[in-house]
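Student: Would you mind keeping the following structure in view while I ask a few things?
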Amino acid sequence: METSVPVPSPEQRTHEIERGYILRYLAVAGFKPVTPKTLLYHLRDVRYPCTAATLAFHLKYMQEKSWVDLEYKEVEVGETPEILSVKITAAGVDLLDRRRAGQPGVSF
Amino acid sequence: MSQQHGAIERLDARHKGLRLDVDLIFDAEGTLADVQAMLLERYKEQVPISTIGSYKERRYTPQVEQVQKERTRAKALKEQLADGGLDDIAEANIAEQLMESRQAGERASLQVLLREQRERSRLQLDRDRLKADLVRIENESKDLAAKLEGLKSARQREREQVKAAVAGIEPGETTGKDELLKHIDEIYGVYQEADPASLPSDLRG
């Protein structure tokens with residue numbers, strides 16, 4: 001039986017797809033860190049290019065969801081912390097597996 | 001990889017996320033028929049098995065292999081560059097440089113990778129040294145503040161001792177005691193302003 005879920009806006013859908021491709025790449029990297037720039041190149045490869053700011057938003061969102069761990073560059077006081085690297089967590093792998101298994105209602 | 005858009009890419013332009021769903025099924029080792037069923041059920045698109053097979057062969061597999069190849073190469077280079085002495089962040093940086101070279105259509109040079117890695121290590125050392133200096137300065141500053149506080153306390157104690165000694169002067173010596181107290185206050189900065197009425201006429205405001 002199909003579960004009723006709200007229909008996302010085109011922008012939300014694009015963001016969800018971008019997060020899906022990010023998680024897929026991180027899963028290939030295993031539990032090793034990946035630089036944000038690498039993810040930007042990968043998104044370009046899969047024809048979902050996004051800006052560094054959008055990527056930073058995705059990574060922080062995914063961190064809030066506990067799907068990824070972020071490491072920040074050391075900055076001087078008052079400067080905006082910049083993401084140094086990102087790696088997938090066990091929760092991120094589980095989510096990807098549930099989505100791969102075609103479970104309804106699982107979104108990135 | 002060819003930049004020509006295939007049938008699945010064209011469908012993805014119409015149904016955002018369709019290609020990701022196809023890729024996820026292949027990731028889970030799903031069959032061409034699984035993908036066909038999903039496309040029909042979820043997107044109401046009837047796609048021939050041959051089209052799905054062509055996408056898998058020409059797009060999905062090369063792309064997955066490319067990612068795996070770059071990760072493996074980054075790991076191998078990390079080992080080669082510093083006899084395994086580099087950390088995972090170094091490996092991540094190498095992977096990034098490999099991707100950057102590929103996207104720029106260049107061949108990544110081992111010498112360039114080595115030079116960049118050395119530069120990163122040098123910057124890291126500089127950063128560590130600066131951090132150590134900062135900690136040392138902070139500690140010295142704390143020591144100085146503690147010493148200053150000690151001096152202030154000692155001075156306060158001396159003042160109290162002098163005042164206590166003066167307070168012990170006999171009642172008959174009142175005039176001398178007041179003058180002495182005023183003198184002490186002047187020395188220690190607790191001087192009370194004189195009553196203007198008591199000042200000479202040329203000094204009154």
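Residues are referred to by chain and number: the chain letter is A, B, ... according to the order shown in the structure tokens, the number counts from 1 in that chain, and ligands are numbered separately from 1 in the order shown.
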Enumerate as a PyMOL selection string the residues belonging to chain B that approach chain A to within 9 Å, with only C-alpha atoms taken into account.
Tutor: chain B and resi 16-17+20-21+23-28+63-64+67-68+71+88-89+91-93+95-97+99-100+103+127
Student: Would you kindly return, as a list in words, each protein, DNA or RNA residue with an atom no farther than 12 Å from any atom of A:Lys65, considering only C-alpha atoms and excluding same-chain residues fewer than 6 positions away?
Tutor: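 Result of the neighbour search: Arg19, His58, Leu59, Ile88, Thr89, Ala90, Ala91, Gly92, Leu95, Ser107 and Phe108 of chain A.
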Student: In Å, rounded to a single decimal, give me how far atom CA of B:Glu119 is from atom CA of B:Ala76.
Tutor: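 Taking atom CA of B:Ala76 as the start and atom CA of B:Glu119 as the end point, the length is 19.6 Å.
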Student: Give me, please, the distance in Å between atom CA of B:Ala74 and atom CA of B:Leu98, quoted to one decimal.
Tutor: 7.5 Å
Student: Quick one: everything within 8 Å of A:Ala27, counting only C-alpha atoms, minus sequence neighbours fewer than 4 positions away in the same chain. Send it as a CSV table (one decimal) with C-alpha atoms, in the first residue's frame.
Tutor:
```
chain,number,residue,atom,x,y,z
A,23,LEU,CA,25.3,10.2,0.3
A,31,PHE,CA,33.9,6.0,6.4
A,88,ILE,CA,29.1,9.3,6.1
A,93,VAL,CA,24.5,4.2,5.4
```
Student: Residues within 8 Å of A:Glu82, please, as a list in words. Count only C-alpha atoms; anything in the same chain fewer than 6 positions from it doesn't count.
Tutor: Tyr72, Lys73, Glu74 and Val75 of chain A
Student: Name the residues of chain A that come out as strand (DSSP E or B) in a backbone DSSP run; write them as a ChimeraX atom specification.
Tutor: /A:34,68-72,83-88
Student: Residues of stretch 13-107 of chain A classed as alpha helix (DSSP H) by DSSP on the backbone are to be reported as a PyMOL selection string.
Tutor: chain A and resi 13-28+36-45+52-64+90-100
Student: To one decimal place in Å, what is the distance between atom CA of A:Cys50 and atom CA of A:Gln12?
Tutor: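 Result for atom CA of A:Cys50 versus atom CA of A:Gln12: 13.4 Å, one decimal.
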